[in-house]
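Visitor: Hey, dropping query-v7.pdb in here, PDB, C-alpha atoms:
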```
ATOM      1  CA  MET I  25      38.850  56.125   0.428
ATOM      2  CA  LYS I  26      36.907  53.005  -0.290
ATOM      3  CA  ASN I  27      35.321  52.572  -3.670
ATOM      4  CA  PRO I  28      31.543  52.089  -3.066
ATOM      5  CA  ASN I  29      31.242  50.067  -6.265
ATOM      6  CA  SER I  30      34.012  47.582  -5.450
ATOM      7  CA  PHE I  31      33.189  43.937  -4.938
ATOM      8  CA  PHE I  32      34.387  43.789  -1.319
ATOM      9  CA  THR I  33      32.477  46.929  -0.378
ATOM     10  CA  LYS I  34      29.261  45.486  -1.747
ATOM     11  CA  LEU I  35      30.049  42.208   0.009
ATOM     12  CA  ASN I  36      30.502  43.997   3.317
ATOM     13  CA  ASN I  37      27.283  45.980   2.884
ATOM     14  CA  GLN I  38      25.295  42.825   2.254
ATOM     15  CA  LYS I  39      27.038  40.552   4.750
ATOM     16  CA  TYR I  40      23.938  40.016   6.879
ATOM     17  CA  LEU I  41      21.839  39.037   3.879
ATOM     18  CA  LEU I  42      24.587  36.657   2.782
ATOM     19  CA  MET I  43      24.657  35.115   6.259
ATOM     20  CA  LEU I  44      20.965  34.319   5.900
ATOM     21  CA  MET I  45      21.820  32.313   2.779
ATOM     22  CA  ILE I  46      24.334  30.083   4.563
ATOM     23  CA  PRO I  47      21.793  27.476   5.837
ATOM     24  CA  ALA I  48      20.170  27.178   2.390
ATOM     25  CA  VAL I  49      23.561  26.815   0.696
ATOM     26  CA  LEU I  50      24.686  24.170   3.195
ATOM     27  CA  ILE I  51      21.484  22.177   2.812
ATOM     28  CA  THR I  52      21.802  22.315  -0.983
ATOM     29  CA  LEU I  53      25.425  21.177  -0.853
ATOM     30  CA  ILE I  54      24.792  18.358   1.621
ATOM     31  CA  PHE I  55      21.630  16.934   0.108
ATOM     32  CA  LYS I  56      22.014  17.831  -3.584
ATOM     33  CA  TYR I  57      25.678  18.103  -4.566
ATOM     34  CA  PHE I  58      27.605  15.813  -2.223
ATOM     35  CA  PRO I  59      25.400  12.763  -3.093
ATOM     36  CA  MET I  60      26.446  13.214  -6.747
ATOM     37  CA  TYR I  61      29.611  11.382  -5.744
ATOM     38  CA  GLY I  62      27.492   8.219  -5.873
ATOM     39  CA  ILE I  63      27.121   8.609  -9.649
ATOM     40  CA  LEU I  64      30.458   6.784  -9.869
ATOM     41  CA  LEU I  65      28.561   3.588  -9.041
ATOM     42  CA  ALA I  66      27.116   3.619 -12.562
ATOM     43  CA  PHE I  67      30.601   3.204 -14.019
ATOM     44  CA  LYS I  68      31.893   0.598 -11.592
ATOM     45  CA  ASP I  69      31.230  -3.002 -10.613
ATOM     46  CA  TYR I  70      30.413  -2.042  -7.043
ATOM     47  CA  ASN I  71      31.690  -4.251  -4.246
ATOM     48  CA  PRO I  72      30.591  -3.141  -0.746
ATOM     49  CA  MET I  73      33.773  -4.607   0.735
ATOM     50  CA  LEU I  74      35.973  -2.446  -1.503
ATOM     51  CA  GLY I  75      33.851   0.707  -1.501
ATOM     52  CA  ILE I  76      33.155   3.015  -4.416
ATOM     53  CA  THR I  77      36.740   4.062  -5.078
ATOM     54  CA  GLY I  78      38.127   0.542  -4.701
ATOM     55  CA  SER I  79      35.592  -1.186  -6.964
ATOM     56  CA  GLU I  80      36.503  -2.185 -10.496
ATOM     57  CA  TRP I  81      35.920   0.401 -13.235
ATOM     58  CA  VAL I  82      33.681  -0.984 -16.013
ATOM     59  CA  GLY I  83      32.879   2.207 -17.936
ATOM     60  CA  LEU I  84      29.615   2.144 -19.896
ATOM     61  CA  GLU I  85      29.001  -1.573 -19.479
ATOM     62  CA  HIS I  86      25.883  -1.154 -17.305
ATOM     63  CA  PHE I  87      24.405   1.359 -19.737
ATOM     64  CA  ARG I  88      24.941  -1.050 -22.639
ATOM     65  CA  ASP I  89      23.325  -3.851 -20.646
ATOM     66  CA  PHE I  90      20.264  -1.718 -19.955
ATOM     67  CA  LEU I  91      19.896  -0.433 -23.520
ATOM     68  CA  SER I  92      20.171  -3.969 -24.909
ATOM     69  CA  SER I  93      17.925  -5.593 -22.300
ATOM     70  CA  PRO I  94      14.408  -6.779 -23.283
ATOM     71  CA  ASN I  95      12.986  -4.562 -20.520
ATOM     72  CA  PHE I  96      14.337  -1.310 -21.986
ATOM     73  CA  SER I  97      11.682  -0.594 -24.625
ATOM     74  CA  ARG I  98       8.810  -1.548 -22.305
ATOM     75  CA  LEU I  99      10.120   0.524 -19.402
ATOM     76  CA  LEU I 100      10.787   3.560 -21.584
ATOM     77  CA  GLU I 101       7.375   3.312 -23.273
ATOM     78  CA  ASN I 102       5.512   2.936 -19.974
ATOM     79  CA  THR I 103       7.411   5.817 -18.374
ATOM     80  CA  LEU I 104       6.982   8.190 -21.314
ATOM     81  CA  LYS I 105       3.289   7.415 -21.800
ATOM     82  CA  LEU I 106       2.520   7.842 -18.124
ATOM     83  CA  ALA I 107       4.492  11.102 -17.954
ATOM     84  CA  ILE I 108       3.304  12.639 -21.232
ATOM     85  CA  TYR I 109      -0.346  11.731 -20.718
ATOM     86  CA  GLY I 110      -0.139  13.054 -17.175
ATOM     87  CA  LEU I 111       1.366  16.312 -18.416
ATOM     88  CA  LEU I 112      -1.165  16.761 -21.230
ATOM     89  CA  TRP I 113      -4.174  16.033 -19.041
ATOM     90  CA  GLY I 114      -2.894  17.570 -15.822
ATOM     91  CA  PHE I 115      -1.276  20.815 -16.963
ATOM     92  CA  PHE I 116      -4.410  22.797 -17.795
ATOM     93  CA  PRO I 117      -6.865  21.977 -14.926
ATOM     94  CA  PRO I 118      -4.994  24.200 -12.406
ATOM     95  CA  ILE I 119      -5.120  27.094 -14.878
ATOM     96  CA  ILE I 120      -8.844  26.574 -15.470
ATOM     97  CA  ILE I 121      -9.521  26.344 -11.722
ATOM     98  CA  ALA I 122      -7.628  29.584 -11.079
ATOM     99  CA  LEU I 123      -9.594  31.373 -13.808
ATOM    100  CA  MET I 124     -12.883  30.067 -12.426
ATOM    101  CA  LEU I 125     -12.047  31.017  -8.841
ATOM    102  CA  ASN I 126     -11.088  34.497  -9.993
ATOM    103  CA  GLN I 127     -14.618  35.023 -11.319
ATOM    104  CA  ILE I 128     -16.176  34.415  -7.893
ATOM    105  CA  MET I 129     -16.918  37.738  -6.220
ATOM    106  CA  SER I 130     -17.820  36.393  -2.764
ATOM    107  CA  GLN I 131     -14.590  36.004  -0.789
ATOM    108  CA  LYS I 132     -16.237  33.569   1.645
ATOM    109  CA  ILE I 133     -17.387  31.201  -1.104
ATOM    110  CA  LYS I 134     -14.030  31.531  -2.843
ATOM    111  CA  SER I 135     -12.095  30.644   0.334
ATOM    112  CA  THR I 136     -14.351  27.646   1.004
ATOM    113  CA  LEU I 137     -13.884  26.277  -2.511
ATOM    114  CA  GLN I 138     -10.135  26.827  -2.308
ATOM    115  CA  THR I 139      -9.951  24.882   0.945
ATOM    116  CA  ILE I 140     -11.933  21.997  -0.554
ATOM    117  CA  LEU I 141      -9.722  21.923  -3.644
ATOM    118  CA  TYR I 142      -6.457  22.145  -1.679
ATOM    119  CA  MET I 143      -7.287  19.371   0.801
ATOM    120  CA  PRO I 144      -6.489  16.341  -1.424
ATOM    121  CA  ASN I 145      -2.888  17.561  -1.777
ATOM    122  CA  PHE I 146      -2.316  16.853   1.928
ATOM    123  CA  ILE I 147      -3.516  13.259   1.694
ATOM    124  CA  SER I 148      -0.588  10.834   1.608
ATOM    125  CA  THR I 149       0.074   8.698  -1.449
ATOM    126  CA  VAL I 150      -0.626   5.526   0.543
ATOM    127  CA  ILE I 151      -4.104   6.754   1.467
ATOM    128  CA  ILE I 152      -4.808   7.851  -2.121
ATOM    129  CA  VAL I 153      -3.908   4.375  -3.393
ATOM    130  CA  GLY I 154      -6.022   2.855  -0.608
ATOM    131  CA  ILE I 155      -9.005   4.947  -1.744
ATOM    132  CA  ILE I 156      -8.443   3.783  -5.341
ATOM    133  CA  PHE I 157      -8.387   0.142  -4.243
ATOM    134  CA  LEU I 158     -11.555   0.587  -2.166
ATOM    135  CA  LEU I 159     -13.493   2.340  -4.928
ATOM    136  CA  PHE I 160     -12.382   0.253  -7.892
ATOM    137  CA  SER I 161     -12.004  -3.225  -6.420
ATOM    138  CA  SER I 162     -14.224  -6.036  -7.709
ATOM    139  CA  SER I 163     -16.540  -5.552  -4.708
ATOM    140  CA  GLY I 164     -16.211  -1.762  -4.653
ATOM    141  CA  PRO I 165     -18.981   0.789  -5.281
ATOM    142  CA  ILE I 166     -17.837   1.763  -8.799
ATOM    143  CA  ILE I 167     -18.080  -1.737 -10.262
ATOM    144  CA  SER I 168     -21.292  -2.409  -8.268
ATOM    145  CA  ILE I 169     -22.947   0.681  -9.758
ATOM    146  CA  LEU I 170     -21.824  -0.218 -13.282
ATOM    147  CA  ASP I 171     -23.064  -3.814 -12.840
ATOM    148  CA  SER I 172     -26.446  -2.547 -11.652
ATOM    149  CA  MET I 173     -26.648  -0.493 -14.864
ATOM    150  CA  GLY I 174     -25.935  -3.572 -16.945
ATOM    151  CA  ILE I 175     -22.435  -2.431 -17.903
ATOM    152  CA  ASN I 176     -19.891  -5.220 -17.819
ATOM    153  CA  VAL I 177     -16.417  -3.922 -17.056
ATOM    154  CA  PRO I 178     -13.190  -5.755 -16.242
ATOM    155  CA  ASN I 179     -11.584  -5.478 -12.843
ATOM    156  CA  PHE I 180      -9.924  -2.066 -12.879
ATOM    157  CA  LEU I 181      -7.133  -3.094 -10.523
ATOM    158  CA  THR I 182      -6.002  -6.137 -12.477
ATOM    159  CA  ASN I 183      -6.645  -4.872 -16.009
ATOM    160  CA  PRO I 184      -3.371  -3.403 -17.416
ATOM    161  CA  ASP I 185      -5.276  -0.903 -19.589
ATOM    162  CA  SER I 186      -6.914   0.625 -16.502
ATOM    163  CA  PHE I 187      -3.664   1.420 -14.718
ATOM    164  CA  ARG I 188      -2.789   4.630 -16.574
ATOM    165  CA  PRO I 189      -6.256   6.279 -16.344
ATOM    166  CA  LEU I 190      -6.469   5.476 -12.623
ATOM    167  CA  TYR I 191      -2.944   6.740 -11.987
ATOM    168  CA  ILE I 192      -3.278   9.934 -14.035
ATOM    169  CA  PHE I 193      -6.764  11.085 -13.040
ATOM    170  CA  SER I 194      -6.252  10.341  -9.349
ATOM    171  CA  GLY I 195      -3.077  12.439  -9.546
ATOM    172  CA  ILE I 196      -4.925  15.275 -11.256
ATOM    173  CA  TRP I 197      -7.642  15.196  -8.588
ATOM    174  CA  GLN I 198      -5.055  15.224  -5.835
ATOM    175  CA  GLY I 199      -2.836  18.004  -7.135
ATOM    176  CA  MET I 200      -4.848  20.359  -9.318
ATOM    177  CA  GLY I 201      -6.194  22.491  -6.458
ATOM    178  CA  TRP I 202      -2.792  23.028  -4.909
ATOM    179  CA  ALA I 203      -1.176  23.622  -8.314
ATOM    180  CA  SER I 204      -3.706  26.400  -8.969
ATOM    181  CA  LEU I 205      -2.503  28.311  -5.894
ATOM    182  CA  LEU I 206       0.296  30.138  -7.746
ATOM    183  CA  TYR I 207      -1.997  31.057 -10.627
ATOM    184  CA  THR I 208      -4.575  32.378  -8.174
ATOM    185  CA  ALA I 209      -1.914  34.457  -6.435
ATOM    186  CA  VAL I 210      -0.784  35.948  -9.773
ATOM    187  CA  LEU I 211      -4.355  36.853 -10.715
ATOM    188  CA  SER I 212      -4.903  38.548  -7.360
ATOM    189  CA  GLY I 213      -2.209  41.043  -8.357
ATOM    190  CA  VAL I 214      -3.987  42.229 -11.498
ATOM    191  CA  PRO I 215      -4.782  45.964 -11.120
ATOM    192  CA  PRO I 216      -8.548  46.548 -10.719
ATOM    193  CA  GLU I 217      -8.251  49.415 -13.191
ATOM    194  CA  LEU I 218      -7.774  46.927 -16.008
ATOM    195  CA  TYR I 219     -11.068  45.214 -15.209
ATOM    196  CA  GLU I 220     -12.832  48.568 -14.873
ATOM    197  CA  ALA I 221     -11.527  49.719 -18.232
ATOM    198  CA  ALA I 222     -12.552  46.420 -19.823
ATOM    199  CA  GLU I 223     -16.081  46.737 -18.401
ATOM    200  CA  ILE I 224     -16.376  50.286 -19.701
ATOM    201  CA  ASP I 225     -15.367  49.006 -23.155
ATOM    202  CA  GLY I 226     -18.066  46.325 -22.892
ATOM    203  CA  ALA I 227     -15.679  43.342 -22.670
ATOM    204  CA  THR I 228     -17.215  39.971 -21.897
ATOM    205  CA  ILE I 229     -15.861  37.517 -19.321
ATOM    206  CA  LEU I 230     -14.155  35.525 -22.059
ATOM    207  CA  GLN I 231     -12.522  38.673 -23.464
ATOM    208  CA  LYS I 232     -11.254  39.619 -19.985
ATOM    209  CA  ILE I 233      -9.735  36.165 -19.621
ATOM    210  CA  MET I 234      -8.107  36.274 -23.053
ATOM    211  CA  HIS I 235      -6.735  39.827 -22.887
ATOM    212  CA  ILE I 236      -6.084  40.415 -19.169
ATOM    213  CA  GLU I 237      -5.803  37.226 -17.136
ATOM    214  CA  LEU I 238      -4.054  34.826 -19.520
ATOM    215  CA  PRO I 239      -1.337  37.378 -20.486
ATOM    216  CA  THR I 240      -0.760  37.979 -16.777
ATOM    217  CA  MET I 241      -0.405  34.238 -16.167
ATOM    218  CA  LYS I 242       1.754  33.602 -19.238
ATOM    219  CA  PRO I 243       5.219  33.915 -17.553
ATOM    220  CA  LEU I 244       4.189  31.514 -14.785
ATOM    221  CA  ILE I 245       2.638  29.101 -17.281
ATOM    222  CA  ILE I 246       5.907  29.037 -19.260
ATOM    223  CA  ILE I 247       7.988  28.439 -16.110
ATOM    224  CA  ASN I 248       5.707  25.619 -14.975
ATOM    225  CA  LEU I 249       5.805  24.094 -18.456
ATOM    226  CA  ILE I 250       9.609  24.106 -18.465
ATOM    227  CA  LEU I 251       9.744  22.557 -14.988
ATOM    228  CA  SER I 252       7.122  19.956 -15.894
ATOM    229  CA  VAL I 253       8.891  18.907 -19.083
ATOM    230  CA  GLY I 254      12.256  18.933 -17.314
ATOM    231  CA  GLY I 255      10.961  16.481 -14.728
ATOM    232  CA  ILE I 256       8.840  14.450 -17.112
ATOM    233  CA  MET I 257      10.801  11.251 -16.435
ATOM    234  CA  ASN I 258      10.759  11.706 -12.656
ATOM    235  CA  ILE I 259       7.342  10.232 -12.051
ATOM    236  CA  GLY I 260       8.250   8.783  -8.674
ATOM    237  CA  TYR I 261       8.049   5.134  -7.842
ATOM    238  CA  GLU I 262       5.831   5.300  -4.729
ATOM    239  CA  LYS I 263       2.387   5.529  -6.272
ATOM    240  CA  ALA I 264       3.175   3.308  -9.260
ATOM    241  CA  PHE I 265       4.733   0.710  -6.963
ATOM    242  CA  LEU I 266       1.757   0.741  -4.590
ATOM    243  CA  MET I 267      -0.714   0.376  -7.475
ATOM    244  CA  GLN I 268       1.160  -2.507  -9.069
ATOM    245  CA  THR I 269      -0.325  -5.970  -9.186
ATOM    246  CA  SER I 270       1.027  -9.080 -10.859
ATOM    247  CA  LEU I 271      -1.560  -8.667 -13.641
ATOM    248  CA  ASN I 272      -1.102  -4.968 -14.483
ATOM    249  CA  LEU I 273       2.714  -5.174 -14.386
ATOM    250  CA  PRO I 274       3.099  -4.901 -18.208
ATOM    251  CA  LYS I 275       1.765  -1.310 -18.035
ATOM    252  CA  SER I 276       2.680  -0.313 -14.466
ATOM    253  CA  GLU I 277       6.390  -1.152 -14.499
ATOM    254  CA  ILE I 278       8.266   2.111 -15.085
ATOM    255  CA  ILE I 279      11.926   3.089 -14.816
ATOM    256  CA  ASP I 280      11.625   4.338 -11.228
ATOM    257  CA  THR I 281      10.000   1.149  -9.936
ATOM    258  CA  TYR I 282      12.536  -0.905 -11.899
ATOM    259  CA  VAL I 283      15.423   1.020 -10.283
ATOM    260  CA  TYR I 284      13.889   0.444  -6.843
ATOM    261  CA  LYS I 285      13.509  -3.292  -7.398
ATOM    262  CA  VAL I 286      16.912  -3.827  -9.001
ATOM    263  CA  GLY I 287      18.779  -1.579  -6.581
ATOM    264  CA  LEU I 288      17.205  -2.026  -3.164
ATOM    265  CA  GLN I 289      15.478  -5.392  -3.510
ATOM    266  CA  SER I 290      18.047  -7.207  -5.655
ATOM    267  CA  GLY I 291      21.113  -5.314  -4.415
ATOM    268  CA  ASP I 292      22.516  -4.537  -7.880
ATOM    269  CA  TYR I 293      23.527  -1.002  -6.994
ATOM    270  CA  SER I 294      25.766  -0.303  -9.989
ATOM    271  CA  TYR I 295      23.224  -1.333 -12.592
ATOM    272  CA  SER I 296      20.361   0.498 -10.869
ATOM    273  CA  THR I 297      22.495   3.654 -10.595
ATOM    274  CA  ALA I 298      23.240   3.462 -14.327
ATOM    275  CA  VAL I 299      19.524   3.165 -15.096
ATOM    276  CA  GLY I 300      18.739   6.104 -12.826
ATOM    277  CA  LEU I 301      21.501   8.185 -14.402
ATOM    278  CA  PHE I 302      20.164   7.398 -17.862
ATOM    279  CA  ASN I 303      16.771   8.643 -16.693
ATOM    280  CA  THR I 304      18.353  11.864 -15.392
ATOM    281  CA  VAL I 305      20.194  12.498 -18.671
ATOM    282  CA  ILE I 306      16.926  12.176 -20.605
ATOM    283  CA  ASN I 307      15.356  14.711 -18.220
ATOM    284  CA  LEU I 308      18.256  17.112 -18.740
ATOM    285  CA  ILE I 309      17.967  16.872 -22.531
ATOM    286  CA  LEU I 310      14.216  17.517 -22.384
ATOM    287  CA  LEU I 311      14.723  20.480 -20.040
ATOM    288  CA  LEU I 312      17.350  22.118 -22.258
ATOM    289  CA  THR I 313      15.298  21.489 -25.396
ATOM    290  CA  THR I 314      12.145  22.979 -23.881
ATOM    291  CA  THR I 315      14.041  26.004 -22.582
ATOM    292  CA  LEU I 316      15.587  26.590 -26.017
ATOM    293  CA  ILE I 317      12.214  26.345 -27.772
ATOM    294  CA  VAL I 318      10.532  28.716 -25.294
ATOM    295  CA  ASN I 319      13.352  31.249 -25.608
ATOM    296  CA  ARG I 320      13.119  31.210 -29.400
ATOM    297  CA  ILE I 321       9.342  31.683 -29.270
ATOM    298  CA  ASN I 322       9.724  34.623 -26.852
ATOM    299  CA  ASN I 323      12.439  36.198 -29.016
ATOM    300  CA  ARG I 324      10.240  35.946 -32.089
ATOM    301  CA  GLU I 325       7.324  37.520 -30.236
ATOM    302  CA  GLY I 326       9.609  40.286 -28.952
ATOM    303  CA  SER I 327      10.990  41.038 -32.412
ATOM    304  CA  ALA I 328       7.491  40.971 -33.912
ATOM    305  CA  LYS I 329       6.411  43.608 -31.439
TER
END
```
What's the structure tokens form of this structure?

Guide:
Amino acid sequence: MKNPNSFFTKLNNQKYLLMLMIPAVLITLIFKYFPMYGILLAFKDYNPMLGITGSEWVGLEHFRDFLSSPNFSRLLENTLKLAIYGLLWGFFPPIIIALMLNQIMSQKIKSTLQTILYMPNFISTVIIVGIIFLLFSSSGPIISILDSMGINVPNFLTNPDSFRPLYIFSGIWQGMGWASLLYTAVLSGVPPELYEAAEIDGATILQKIMHIELPTMKPLIIINLILSVGGIMNIGYEKAFLMQTSLNLPKSEIIDTYVYKVGLQSGDYSYSTAVGLFNTVINLILLLTTTLIVNRINNREGSAK
């Protein structure tokens, strides 16, 4: 007689569910794990004629070159500032939007506002940068309005100090509506009895938010925080590269754009791979650190209760 709790019995009972996982597992292996073989480029002096395995092993030479290069401090500073400022300014707007939408009783008005807020997420990065260039160019409407008010401002697109605000706030505008979708979905699952009990007790809107809605959203907020901090160095080169000009380069050159230029434009694949791997290691350290801190905070709260 077969043991119903044995591993093979459970495997047989769930074979159809496991078969559904096969495409996802294959895609993950092909596009996520197999390309990790290319990490070897960071430790070799890559020669296309010899291939990865046949190229000379140089160890940590490329990492030492990057850490000692004059570009290192500038690239790291630009990347960290752009990522940290973007996280600080962009993390809370989706939460606020979800809380505000949850207060709207009319489902028709709520759906209309959600559609308007979600739409920018489906605009491509190229079009977003094109809109920025049209609005903030020297002959654009923003500078024209400010000039008509007697306010003298530098050209936003060539001024290095204007790059980060334009990059960060355009990103917040583009993504905050879509990022609020998960928070809105979580709030829709709050039992109506909690709101009814709060109203009977005379709770205000602010008290409902503090004692019902925010505690409900807390697990999702923590998960999003961990994911955001874990990917803080992965800004993406597309938007930064498209917004770059020869004059704002001191503030707009980040690690991702540097990897793109060194690797694909200059053909130095080994060095660019080492720089990209360094970036990934920093992300991993930040992710593990954030996870450890959050776990300790949750354990303290659990023990206090």

Visitor: Give the answer as one residue: which of I:Asn126, I:Ser97, I:Asn145, I:Gln38 has the shortest atom-to-atom distance to I:Gly195, using all atoms listed in the file?

Guide: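 Closest to I:Gly195 of all the choices is I:Asn145.
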
Visitor: Output as AutoDock Vina command-line options the centre and edge lengths (Å, one decimal) of the box along x, y and z of the file that holds every listed atom of stretch 77-89 of chain I after adding 4 Å on each side.

Guide:
```
--center_x 30.7 --center_y 0.1 --center_z -13.7 --size_x 22.8 --size_y 15.9 --size_z 25.9
```

Visitor: Take the PyMOL selection byres ((chain I and resi 241) around 12), apply it to the structure above, and return the hits as a ChimeraX atom specification.

Guide: /I:118-120,122-123,204,206-214,233-240,242-248

Visitor: Need the shell around stretch 151-161 of chain I: protein/DNA/RNA residues with any atom at most 12 Å away, counting only C-alpha atoms. Skip same-chain ones fewer than 3 positions apart. Format as a compact mmCIF listing (two decimals) with C-alpha atoms, in the coordinates of the input?

Guide:
```
# COMPACT_ATOMS: atom_id res chain seq x y z
CA PRO I 144 -6.49 16.34 -1.42
CA ASN I 145 -2.89 17.56 -1.78
CA PHE I 146 -2.32 16.85 1.93
CA ILE I 147 -3.52 13.26 1.69
CA SER I 148 -0.59 10.83 1.61
CA GLY I 164 -16.21 -1.76 -4.65
CA PRO I 165 -18.98 0.79 -5.28
CA ILE I 166 -17.84 1.76 -8.80
CA ILE I 167 -18.08 -1.74 -10.26
CA SER I 168 -21.29 -2.41 -8.27
CA ILE I 169 -22.95 0.68 -9.76
CA LEU I 170 -21.82 -0.22 -13.28
CA VAL I 177 -16.42 -3.92 -17.06
CA PRO I 178 -13.19 -5.76 -16.24
CA ASN I 179 -11.58 -5.48 -12.84
CA PHE I 180 -9.92 -2.07 -12.88
CA LEU I 181 -7.13 -3.09 -10.52
CA THR I 182 -6.00 -6.14 -12.48
CA ASN I 183 -6.64 -4.87 -16.01
CA SER I 186 -6.91 0.62 -16.50
CA PHE I 187 -3.66 1.42 -14.72
CA PRO I 189 -6.26 6.28 -16.34
CA LEU I 190 -6.47 5.48 -12.62
CA TYR I 191 -2.94 6.74 -11.99
CA ILE I 192 -3.28 9.93 -14.04
CA PHE I 193 -6.76 11.08 -13.04
CA SER I 194 -6.25 10.34 -9.35
CA GLY I 195 -3.08 12.44 -9.55
CA ILE I 196 -4.92 15.28 -11.26
CA TRP I 197 -7.64 15.20 -8.59
CA GLN I 198 -5.06 15.22 -5.84
CA GLY I 199 -2.84 18.00 -7.14
CA GLU I 262 5.83 5.30 -4.73
CA LYS I 263 2.39 5.53 -6.27
CA ALA I 264 3.18 3.31 -9.26
CA PHE I 265 4.73 0.71 -6.96
CA LEU I 266 1.76 0.74 -4.59
CA MET I 267 -0.71 0.38 -7.48
CA GLN I 268 1.16 -2.51 -9.07
CA THR I 269 -0.32 -5.97 -9.19
```

Visitor: Kindly give the distance, in Å, that separates atom CA of I:Leu316 and atom CA of I:Leu249, rounded to a single decimal.

Guide: 12.6 Å

Visitor: Could you check the closest approach to I:Thr304 for each of I:Gly114, I:Pro47, I:Gly254, I:Gly226 and tell me which residue wins, using only C-alpha atoms?

Guide: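 Looking at the shortest contact to I:Thr304, the residue is I:Gly254.
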
Visitor: With distances taken over only C-alpha atoms, which residue among I:Leu41, I:Val305, I:Ile259, I:Ile175 lies nearest I:Phe87?

Guide: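 Going through I:Leu41, I:Val305, I:Ile259, I:Ile175 one by one, the smallest distance to I:Phe87 is for I:Val305.
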
Visitor: Starting from the shown file, work through the PyMOL selection byres ((chain I and resi 104-111) around 7) and note down what comes out as JSON, numbers by chain.

Guide: {"I": [100, 101, 102, 103, 112, 113, 114, 115, 188, 192, 256, 257, 259]}

Visitor: On this structure, the PyMOL selection byres ((chain I and resi 70) around 8) would catch which residues? List them as a count of residues only, sorted by chain and number.

Guide: 12
